[in-house]
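> Here you go, one structure.
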Amino acid sequence: MVASFTDIDTLAINTIRTLAPDVVQKANSGHPGAPMGCAPMAHVLYSRFIKANPLNPNWINRDRFVLSNGHACALLYIMLHLTGHNVTMDDLKQFRQLHSKTPGHPEANHGITGIEVSTGPLGQGISNAVGLAMGSAHLGAVFNKPGFELVNNYTYVITGDGCLQEGVQAEAKLTEFGIPPPDFVNVTSHLQLGSLIVLYDDNHITIDGDTAVGFTEDVVKRFESYGWHTLVLADGDNDPTAIANAIEIAKSVKDKPSLIKIRTTIGYGSKNEGEEKVHGAPLGAADISNVKSKFGFDPEKHFYIPNEVTNFYKIVSDEGIAANKTWDQLFSKYSAQYPELALEFTRRLNGELPDLKDILP
């Protein structure tokens with residue numbers, strides 16, 4: 001059962017909404033609108049669902065998160081900072097600067113933990129997430145035993161209209177699995193990847209304006225035709241409980257991946273909220289002051305995180321660390337009962353080749 005939402009959750013969400021414009025403004029470049037609009041869903045995911053250990057970011061049974069609309073990466077960097085990963089406040093202040101750890105799109109293996117895959121080209125991230133979910137499903141099928149679910153993690157995705165317009169998200173060919181290559185979404189339903197949960201940021205805005213200009217398909221019906229489980233939420237701006245309940249429902253569907261369409265307001269809180277003006281440019285000092293005042297923050301404070309929010313997310317991080325320790329104890333018992341499988345599991349995690357003489361004729 002998901003813990004109920006209180007004033008601290010509202011404060012945390014509004015902290016994200018006021019910090020993201022500061023990050024983009026200092027760089028004088030970037031996308032503030034999506035992080036502001038997606039703040040509630042990101043907070044719900046990281047505070048209630050994503051199981052990860054910032055001290056051991058490569059823990060095999062961590063939940064994966066992919067920000068498919070990578071241009072909104074200020075959101076991801078903020079969430080990683082809050083949850084104890086190696087993103088400092090100075091890193092946030094160096095957003096989009098030469099040689100910084102926080103480039104304009106998330107990059108894996110670039111000095112920051114908690115970034116599973118590089119995302120930038122629209123559609124790439126959600127396609128990569130399919131591979132992550134497939135990998136976890138395969139690992140679990142090979143090594144899980146009754147009473148020993150070594151691998152039962154989820155792959156969560158935030159994606160937007162731009163990703164769902166791109167061909168790559170519908171053309172990730174996986175013929176090596178013996179499946180015709182129509183598209184990745186067909187593959188995921190065929191393989192019954194219930195551990196893949198996609199949150200669709202339905203803000204109706206592209207860089208050119210309203211999506212009505214060039215994207216009028218019914219995305220939910222398309223995904224339903226692929227065999228996905230779908231849910232639709234009318235208020236992604238002010239109802240974190242509905243978001244959490246939808247994710248709980250999605251987790252209960254074991255034989256289908258889930259798409260949760262969430263209606264949001266891009267740039268929520270800005271004087272230009274809901275418009276393409278907040279998509280790919282800084283809000284400007286006056287509007288940032290307006291946003292902070294609207295949410296009860298001091299307009300004169302920049303890159304500000306209330307202590308209550310820091311402490312709240314410290315508890316979230318501690319829960320992830322504890323989950324990792326519990327898993328370590330499970331694997332120790334597993335190793336005693338299934339020593340050969342445990343050795344093979346460890347070999348794979350270490351990236352070591354098997355003894356080829358046992359494989360080759």
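The chains in the structure tokens are called A, B, ... from first to last as shown; in each chain the residues are counted from 1, and the ligands are counted from 1 in the order shown.
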Quick check for you: according to DSSP on this backbone, which residues of range 281-356 of chain A are classed as alpha helix (DSSP H)? Reply as a PyMOL selection string.
chain A and resi 285-294+307-337+339-349
> Store the residues picked out above, limited to C-alpha atoms, as a PDB file, in the first residue's frame.

```pdb
ATOM      1  CA  ALA A 285      14.193  36.178 -14.067  1.00  0.00           C
ATOM      2  CA  ALA A 286      10.796  37.874 -13.716  1.00  0.00           C
ATOM      3  CA  ASP A 287       8.807  34.741 -14.439  1.00  0.00           C
ATOM      4  CA  ILE A 288      10.991  32.615 -12.171  1.00  0.00           C
ATOM      5  CA  SER A 289      10.238  35.059  -9.352  1.00  0.00           C
ATOM      6  CA  ASN A 290       6.572  34.715 -10.220  1.00  0.00           C
ATOM      7  CA  VAL A 291       6.795  30.909 -10.065  1.00  0.00           C
ATOM      8  CA  LYS A 292       8.549  30.942  -6.703  1.00  0.00           C
ATOM      9  CA  SER A 293       6.060  33.376  -5.215  1.00  0.00           C
ATOM     10  CA  LYS A 294       3.166  31.288  -6.496  1.00  0.00           C
ATOM     11  CA  ASN A 307      15.702  21.102   4.750  1.00  0.00           C
ATOM     12  CA  GLU A 308      12.420  19.232   5.095  1.00  0.00           C
ATOM     13  CA  VAL A 309      12.693  18.056   1.488  1.00  0.00           C
ATOM     14  CA  THR A 310      16.326  17.043   1.916  1.00  0.00           C
ATOM     15  CA  ASN A 311      15.423  15.049   5.014  1.00  0.00           C
ATOM     16  CA  PHE A 312      12.424  13.458   3.298  1.00  0.00           C
ATOM     17  CA  TYR A 313      14.537  12.179   0.449  1.00  0.00           C
ATOM     18  CA  LYS A 314      17.238  11.011   2.854  1.00  0.00           C
ATOM     19  CA  ILE A 315      14.641   8.580   4.212  1.00  0.00           C
ATOM     20  CA  VAL A 316      13.877   7.453   0.649  1.00  0.00           C
ATOM     21  CA  SER A 317      17.588   6.823   0.033  1.00  0.00           C
ATOM     22  CA  ASP A 318      17.917   4.923   3.310  1.00  0.00           C
ATOM     23  CA  GLU A 319      15.031   2.674   2.294  1.00  0.00           C
ATOM     24  CA  GLY A 320      16.847   1.831  -0.936  1.00  0.00           C
ATOM     25  CA  ILE A 321      20.050   1.057   0.950  1.00  0.00           C
ATOM     26  CA  ALA A 322      18.097  -1.215   3.296  1.00  0.00           C
ATOM     27  CA  ALA A 323      16.439  -3.005   0.356  1.00  0.00           C
ATOM     28  CA  ASN A 324      19.867  -3.713  -1.117  1.00  0.00           C
ATOM     29  CA  LYS A 325      21.061  -5.185   2.203  1.00  0.00           C
ATOM     30  CA  THR A 326      17.992  -7.421   2.365  1.00  0.00           C
ATOM     31  CA  TRP A 327      18.742  -8.611  -1.162  1.00  0.00           C
ATOM     32  CA  ASP A 328      22.356  -9.356  -0.203  1.00  0.00           C
ATOM     33  CA  GLN A 329      21.097 -11.593   2.592  1.00  0.00           C
ATOM     34  CA  LEU A 330      18.751 -13.341   0.162  1.00  0.00           C
ATOM     35  CA  PHE A 331      21.599 -13.961  -2.279  1.00  0.00           C
ATOM     36  CA  SER A 332      23.748 -15.373   0.510  1.00  0.00           C
ATOM     37  CA  LYS A 333      21.045 -17.941   1.282  1.00  0.00           C
ATOM     38  CA  TYR A 334      20.571 -18.586  -2.430  1.00  0.00           C
ATOM     39  CA  SER A 335      24.305 -19.259  -2.807  1.00  0.00           C
ATOM     40  CA  ALA A 336      24.166 -21.882  -0.092  1.00  0.00           C
ATOM     41  CA  GLN A 337      21.199 -23.659  -1.661  1.00  0.00           C
ATOM     42  CA  PRO A 339      25.893 -22.809  -5.400  1.00  0.00           C
ATOM     43  CA  GLU A 340      26.371 -23.497  -9.125  1.00  0.00           C
ATOM     44  CA  LEU A 341      23.647 -21.062 -10.162  1.00  0.00           C
ATOM     45  CA  ALA A 342      25.069 -18.462  -7.773  1.00  0.00           C
ATOM     46  CA  LEU A 343      28.501 -18.791  -9.378  1.00  0.00           C
ATOM     47  CA  GLU A 344      27.002 -18.434 -12.850  1.00  0.00           C
ATOM     48  CA  PHE A 345      24.975 -15.413 -11.707  1.00  0.00           C
ATOM     49  CA  THR A 346      28.108 -13.774 -10.304  1.00  0.00           C
ATOM     50  CA  ARG A 347      30.104 -14.558 -13.441  1.00  0.00           C
ATOM     51  CA  ARG A 348      27.548 -12.777 -15.582  1.00  0.00           C
ATOM     52  CA  LEU A 349      27.428  -9.754 -13.293  1.00  0.00           C
TER      53      LEU A 349
END
```
> Name the residues of range 11-155 of chain A that fall into strand (DSSP E) according to DSSP on the backbone, using the chain letters and numbers of this document, as a PDB file with N, CA and C atoms, in the first residue's frame.

```
ATOM      1  N   ARG A  64      14.851   0.284 -12.639  1.00  0.00           N
ATOM      2  CA  ARG A  64      15.441   1.161 -13.649  1.00  0.00           C
ATOM      3  C   ARG A  64      14.486   2.310 -13.950  1.00  0.00           C
ATOM      4  N   PHE A  65      15.074   3.477 -14.188  1.00  0.00           N
ATOM      5  CA  PHE A  65      14.284   4.619 -14.638  1.00  0.00           C
ATOM      6  C   PHE A  65      14.915   5.186 -15.889  1.00  0.00           C
ATOM      7  N   VAL A  66      14.096   5.421 -16.904  1.00  0.00           N
ATOM      8  CA  VAL A  66      14.555   6.005 -18.163  1.00  0.00           C
ATOM      9  C   VAL A  66      13.751   7.258 -18.449  1.00  0.00           C
ATOM     10  N   LEU A  67      14.441   8.385 -18.583  1.00  0.00           N
ATOM     11  CA  LEU A  67      13.796   9.625 -19.017  1.00  0.00           C
ATOM     12  C   LEU A  67      13.911   9.667 -20.531  1.00  0.00           C
ATOM     13  N   THR A 155      10.992  -1.582 -14.615  1.00  0.00           N
ATOM     14  CA  THR A 155      11.563  -0.533 -15.459  1.00  0.00           C
ATOM     15  C   THR A 155      10.489   0.534 -15.662  1.00  0.00           C
TER      16      THR A 155
END
```
> Smallest atom-to-atom distance to Val187 in chain A: which of A:Leu75, A:Gly160, A:Ala170, A:Thr241, using only C-alpha atoms?
A:Ala170
> If you take only C-alpha atoms and a cut-off of 12 Å, which residues of range 222-283 of chain A touch range 120-140 of chain A, and what are their nearest atom pairs and distances in Å to one decimal, in chain and number order, as a tab-separated table?

```
residue	atom	partner	partner_atom	distance
A:Lys254	CA	A:Ala137	CA	11.5
A:Asp255	CA	A:Ala137	CA	11.7
A:Lys256	CA	A:Ala133	CA	11.9
A:Pro257	CA	A:Ala133	CA	9.7
A:Ser258	CA	A:Val130	CA	11.9
A:Leu259	CA	A:Ile126	CA	11.3
```
> Ranking A:Cys73, A:Ile78, A:Val44, A:Leu164 by minimum distance to Pro106 in chain A and counting only C-alpha atoms, which one comes first?
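Smallest distance to Pro106 in chain A is found for A:Cys73.
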> Can you pull out the residues contacting range 210-223 of chain A? Cut-off 10 Å, using only C-alpha atoms, and skip same-chain residues under 2 positions away; I want them as a PyMOL selection string.
chain A and resi 161-162+164-165+185-186+189+200+202-208+225-232+257-261+274-276
> Calculated over only C-alpha atoms, which of the candidates A:Val168, A:Gly284, A:Leu82, A:Ala39 has the smallest distance to Asn272 in chain A?
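Comparing A:Val168, A:Gly284, A:Leu82, A:Ala39 against Asn272 in chain A, the winner is A:Gly284.
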> Could you list, as a JSON list (two decimals) with N, CA, C and O atoms, in the first residue's frame, every residue within 8 Å of Asn86 in chain A, counting only C-alpha atoms and ignoring same-chain residues fewer than 4 positions away?

```
[["chain", "number", "residue", "atom", "x", "y", "z"],
["A", 54, "PRO", "N", 21.82, 4.51, -3.80],
["A", 54, "PRO", "CA", 22.81, 5.46, -4.34],
["A", 54, "PRO", "C", 24.24, 5.10, -3.96],
["A", 54, "PRO", "O", 25.18, 5.53, -4.64],
["A", 80, "LEU", "N", 18.12, 12.84, -9.03],
["A", 80, "LEU", "CA", 19.31, 12.11, -8.60],
["A", 80, "LEU", "C", 20.01, 12.84, -7.46],
["A", 80, "LEU", "O", 20.55, 12.21, -6.54],
["A", 81, "HIS", "N", 20.02, 14.16, -7.52],
["A", 81, "HIS", "CA", 20.59, 14.94, -6.42],
["A", 81, "HIS", "C", 19.80, 14.70, -5.13],
["A", 81, "HIS", "O", 20.38, 14.44, -4.07],
["A", 112, "ILE", "N", 27.97, 10.33, -13.75],
["A", 112, "ILE", "CA", 26.82, 10.40, -12.85],
["A", 112, "ILE", "C", 26.19, 9.03, -12.71],
["A", 112, "ILE", "O", 25.95, 8.34, -13.71],
["A", 113, "THR", "N", 25.93, 8.61, -11.49],
["A", 113, "THR", "CA", 25.24, 7.35, -11.25],
["A", 113, "THR", "C", 23.73, 7.56, -11.33],
["A", 113, "THR", "O", 23.24, 8.66, -11.15]]
```
> Check the smallest atom-to-atom distance from each of A:Gly194, A:Pro32, A:Gly84, A:Gly296 to Thr10 in chain A using only C-alpha atoms, then report the winner.
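Comparing A:Gly194, A:Pro32, A:Gly84, A:Gly296 against Thr10 in chain A, the winner is A:Gly296.
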> Of the candidates A:His85, A:Tyr268, A:Pro282, A:Tyr304, which shows the shortest atom-to-atom distance to Pro57 in chain A, using only C-alpha atoms?
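That would be A:His85, the residue with the smallest distance to Pro57 in chain A.
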> Using only C-alpha atoms, determine which residues lie at most 8 Å from range 46-48 of chain A, disregarding the query and same-chain residues fewer than 6 positions distant; provide the list as a count of residues only.
7
> Excluding same-chain residues fewer than 4 positions from Ala108 in chain A, what lies within 6 Å of it counting only C-alpha atoms, as an NGL selection string?
:A and (115 or 117-118)
> Would you mind reading off the distance between CA of Leu283 in chain A and CA of His302 in chain A, one decimal, in Å?
14.0 Å
> Using only C-alpha atoms, can you tell me which of A:Ala52, A:Pro361, A:Lys301, A:Tyr338 comes closest to Phe148 in chain A?
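Smallest distance to Phe148 in chain A is found for A:Tyr338.
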> Excluding same-chain residues fewer than 4 positions from Pro40 in chain A, what lies within 12 Å of it counting only C-alpha atoms, as a PDB file with N, CA and C atoms, in the first residue's frame?

```pdb
ATOM      1  N   PHE A   5      -0.227  10.892   0.767  1.00  0.00           N
ATOM      2  CA  PHE A   5       0.511  12.110   0.434  1.00  0.00           C
ATOM      3  C   PHE A   5       0.110  13.234   1.378  1.00  0.00           C
ATOM      4  N   ASP A   9       4.997  16.239   0.663  1.00  0.00           N
ATOM      5  CA  ASP A   9       5.023  15.855  -0.749  1.00  0.00           C
ATOM      6  C   ASP A   9       4.754  17.068  -1.636  1.00  0.00           C
ATOM      7  N   THR A  10       3.801  17.896  -1.226  1.00  0.00           N
ATOM      8  CA  THR A  10       3.527  19.126  -1.977  1.00  0.00           C
ATOM      9  C   THR A  10       4.758  20.023  -1.996  1.00  0.00           C
ATOM     10  N   LEU A  11       5.426  20.128  -0.850  1.00  0.00           N
ATOM     11  CA  LEU A  11       6.633  20.953  -0.776  1.00  0.00           C
ATOM     12  C   LEU A  11       7.729  20.386  -1.677  1.00  0.00           C
ATOM     13  N   ALA A  12       7.875  19.066  -1.694  1.00  0.00           N
ATOM     14  CA  ALA A  12       8.898  18.442  -2.533  1.00  0.00           C
ATOM     15  C   ALA A  12       8.608  18.673  -4.013  1.00  0.00           C
ATOM     16  N   ILE A  13       7.359  18.513  -4.407  1.00  0.00           N
ATOM     17  CA  ILE A  13       6.982  18.733  -5.806  1.00  0.00           C
ATOM     18  C   ILE A  13       7.241  20.185  -6.208  1.00  0.00           C
ATOM     19  N   ASN A  14       6.870  21.107  -5.348  1.00  0.00           N
ATOM     20  CA  ASN A  14       7.085  22.518  -5.672  1.00  0.00           C
ATOM     21  C   ASN A  14       8.558  22.902  -5.638  1.00  0.00           C
ATOM     22  N   THR A  15       9.342  22.182  -4.853  1.00  0.00           N
ATOM     23  CA  THR A  15      10.799  22.399  -4.873  1.00  0.00           C
ATOM     24  C   THR A  15      11.356  22.053  -6.238  1.00  0.00           C
ATOM     25  N   ILE A  16      10.914  20.946  -6.798  1.00  0.00           N
ATOM     26  CA  ILE A  16      11.352  20.551  -8.142  1.00  0.00           C
ATOM     27  C   ILE A  16      10.914  21.602  -9.160  1.00  0.00           C
ATOM     28  N   ARG A  17       9.676  22.083  -9.008  1.00  0.00           N
ATOM     29  CA  ARG A  17       9.136  23.065  -9.953  1.00  0.00           C
ATOM     30  C   ARG A  17       9.867  24.399  -9.900  1.00  0.00           C
ATOM     31  N   ALA A  34       9.006  20.928 -19.271  1.00  0.00           N
ATOM     32  CA  ALA A  34       8.710  19.521 -18.978  1.00  0.00           C
ATOM     33  C   ALA A  34       9.062  19.148 -17.539  1.00  0.00           C
ATOM     34  N   PRO A  35      10.225  19.552 -17.013  1.00  0.00           N
ATOM     35  CA  PRO A  35      10.490  19.243 -15.604  1.00  0.00           C
ATOM     36  C   PRO A  35       9.449  19.810 -14.652  1.00  0.00           C
ATOM     37  N   MET A  36       8.945  20.985 -14.944  1.00  0.00           N
ATOM     38  CA  MET A  36       7.915  21.592 -14.082  1.00  0.00           C
ATOM     39  C   MET A  36       6.604  20.815 -14.182  1.00  0.00           C
ATOM     40  N   VAL A  44       6.428  11.100  -7.347  1.00  0.00           N
ATOM     41  CA  VAL A  44       5.724   9.863  -6.987  1.00  0.00           C
ATOM     42  C   VAL A  44       6.604   8.649  -7.271  1.00  0.00           C
ATOM     43  N   LEU A  45       7.218   8.619  -8.436  1.00  0.00           N
ATOM     44  CA  LEU A  45       8.077   7.485  -8.794  1.00  0.00           C
ATOM     45  C   LEU A  45       9.227   7.318  -7.814  1.00  0.00           C
ATOM     46  N   TYR A  46       9.974   8.392  -7.589  1.00  0.00           N
ATOM     47  CA  TYR A  46      11.188   8.275  -6.783  1.00  0.00           C
ATOM     48  C   TYR A  46      10.896   8.127  -5.295  1.00  0.00           C
ATOM     49  N   SER A  47       9.802   8.693  -4.823  1.00  0.00           N
ATOM     50  CA  SER A  47       9.529   8.637  -3.383  1.00  0.00           C
ATOM     51  C   SER A  47       8.736   7.408  -2.971  1.00  0.00           C
ATOM     52  N   ARG A  48       7.990   6.801  -3.916  1.00  0.00           N
ATOM     53  CA  ARG A  48       7.107   5.698  -3.545  1.00  0.00           C
ATOM     54  C   ARG A  48       7.413   4.387  -4.254  1.00  0.00           C
ATOM     55  N   LEU A  75      15.196  17.678 -14.838  1.00  0.00           N
ATOM     56  CA  LEU A  75      14.360  16.908 -13.911  1.00  0.00           C
ATOM     57  C   LEU A  75      15.123  15.709 -13.363  1.00  0.00           C
ATOM     58  N   MET A  79      16.328  14.938  -9.470  1.00  0.00           N
ATOM     59  CA  MET A  79      15.886  13.755  -8.729  1.00  0.00           C
ATOM     60  C   MET A  79      17.081  12.939  -8.233  1.00  0.00           C
ATOM     61  N   ILE A 158       9.473   7.782 -18.198  1.00  0.00           N
ATOM     62  CA  ILE A 158       8.673   8.971 -18.507  1.00  0.00           C
ATOM     63  C   ILE A 158       8.954   9.311 -19.962  1.00  0.00           C
ATOM     64  N   LEU A 199       5.060   6.112 -18.168  1.00  0.00           N
ATOM     65  CA  LEU A 199       4.232   7.273 -17.848  1.00  0.00           C
ATOM     66  C   LEU A 199       4.347   8.260 -19.006  1.00  0.00           C
ATOM     67  N   ASP A 201       3.725  11.684 -20.537  1.00  0.00           N
ATOM     68  CA  ASP A 201       3.495  13.089 -20.207  1.00  0.00           C
ATOM     69  C   ASP A 201       2.703  13.733 -21.339  1.00  0.00           C
ATOM     70  N   ASP A 235      -5.628  14.545 -14.304  1.00  0.00           N
ATOM     71  CA  ASP A 235      -4.935  15.630 -13.585  1.00  0.00           C
ATOM     72  C   ASP A 235      -3.580  15.159 -13.095  1.00  0.00           C
ATOM     73  N   GLY A 236      -2.556  15.434 -13.885  1.00  0.00           N
ATOM     74  CA  GLY A 236      -1.196  15.118 -13.471  1.00  0.00           C
ATOM     75  C   GLY A 236      -0.513  16.260 -12.766  1.00  0.00           C
ATOM     76  N   ASP A 237      -1.220  17.375 -12.582  1.00  0.00           N
ATOM     77  CA  ASP A 237      -0.636  18.562 -11.954  1.00  0.00           C
ATOM     78  C   ASP A 237      -0.800  18.570 -10.435  1.00  0.00           C
ATOM     79  N   ASN A 238      -1.927  18.068  -9.960  1.00  0.00           N
ATOM     80  CA  ASN A 238      -2.253  18.251  -8.546  1.00  0.00           C
ATOM     81  C   ASN A 238      -2.761  16.998  -7.846  1.00  0.00           C
ATOM     82  N   ASP A 239      -2.631  15.837  -8.467  1.00  0.00           N
ATOM     83  CA  ASP A 239      -3.203  14.631  -7.871  1.00  0.00           C
ATOM     84  C   ASP A 239      -2.177  13.492  -7.829  1.00  0.00           C
ATOM     85  N   PRO A 240      -1.168  13.599  -6.959  1.00  0.00           N
ATOM     86  CA  PRO A 240      -0.175  12.518  -6.871  1.00  0.00           C
ATOM     87  C   PRO A 240      -0.775  11.198  -6.414  1.00  0.00           C
ATOM     88  N   THR A 241      -1.851  11.255  -5.650  1.00  0.00           N
ATOM     89  CA  THR A 241      -2.497  10.018  -5.205  1.00  0.00           C
ATOM     90  C   THR A 241      -3.011   9.219  -6.399  1.00  0.00           C
ATOM     91  N   ALA A 242      -3.611   9.902  -7.360  1.00  0.00           N
ATOM     92  CA  ALA A 242      -4.109   9.220  -8.559  1.00  0.00           C
ATOM     93  C   ALA A 242      -2.962   8.606  -9.353  1.00  0.00           C
ATOM     94  N   ILE A 243      -1.842   9.325  -9.429  1.00  0.00           N
ATOM     95  CA  ILE A 243      -0.678   8.794 -10.137  1.00  0.00           C
ATOM     96  C   ILE A 243      -0.177   7.530  -9.437  1.00  0.00           C
ATOM     97  N   ALA A 244      -0.058   7.592  -8.126  1.00  0.00           N
ATOM     98  CA  ALA A 244       0.423   6.441  -7.365  1.00  0.00           C
ATOM     99  C   ALA A 244      -0.524   5.253  -7.499  1.00  0.00           C
ATOM    100  N   ILE A 262      -0.960  10.632 -18.729  1.00  0.00           N
ATOM    101  CA  ILE A 262      -1.188  11.585 -17.643  1.00  0.00           C
ATOM    102  C   ILE A 262      -1.252  12.997 -18.235  1.00  0.00           C
ATOM    103  N   ARG A 263      -2.395  13.627 -18.112  1.00  0.00           N
ATOM    104  CA  ARG A 263      -2.565  14.992 -18.632  1.00  0.00           C
ATOM    105  C   ARG A 263      -1.850  15.967 -17.711  1.00  0.00           C
ATOM    106  N   THR A 264      -0.886  16.695 -18.258  1.00  0.00           N
ATOM    107  CA  THR A 264      -0.119  17.656 -17.474  1.00  0.00           C
ATOM    108  C   THR A 264      -0.142  19.024 -18.142  1.00  0.00           C
ATOM    109  N   THR A 265       0.367  20.004 -17.422  1.00  0.00           N
ATOM    110  CA  THR A 265       0.515  21.362 -17.950  1.00  0.00           C
ATOM    111  C   THR A 265       1.996  21.687 -18.019  1.00  0.00           C
ATOM    112  N   ILE A 266       2.516  21.816 -19.211  1.00  0.00           N
ATOM    113  CA  ILE A 266       3.926  22.136 -19.372  1.00  0.00           C
ATOM    114  C   ILE A 266       4.212  23.504 -18.742  1.00  0.00           C
ATOM    115  N   TYR A 268       4.145  24.277 -15.572  1.00  0.00           N
ATOM    116  CA  TYR A 268       3.116  24.558 -14.569  1.00  0.00           C
ATOM    117  C   TYR A 268       3.618  25.586 -13.549  1.00  0.00           C
TER     118      TYR A 268
END
```
> CA of His105 in chain A to CA of His279 in chain A: how many Å, to one decimal?
14.6 Å
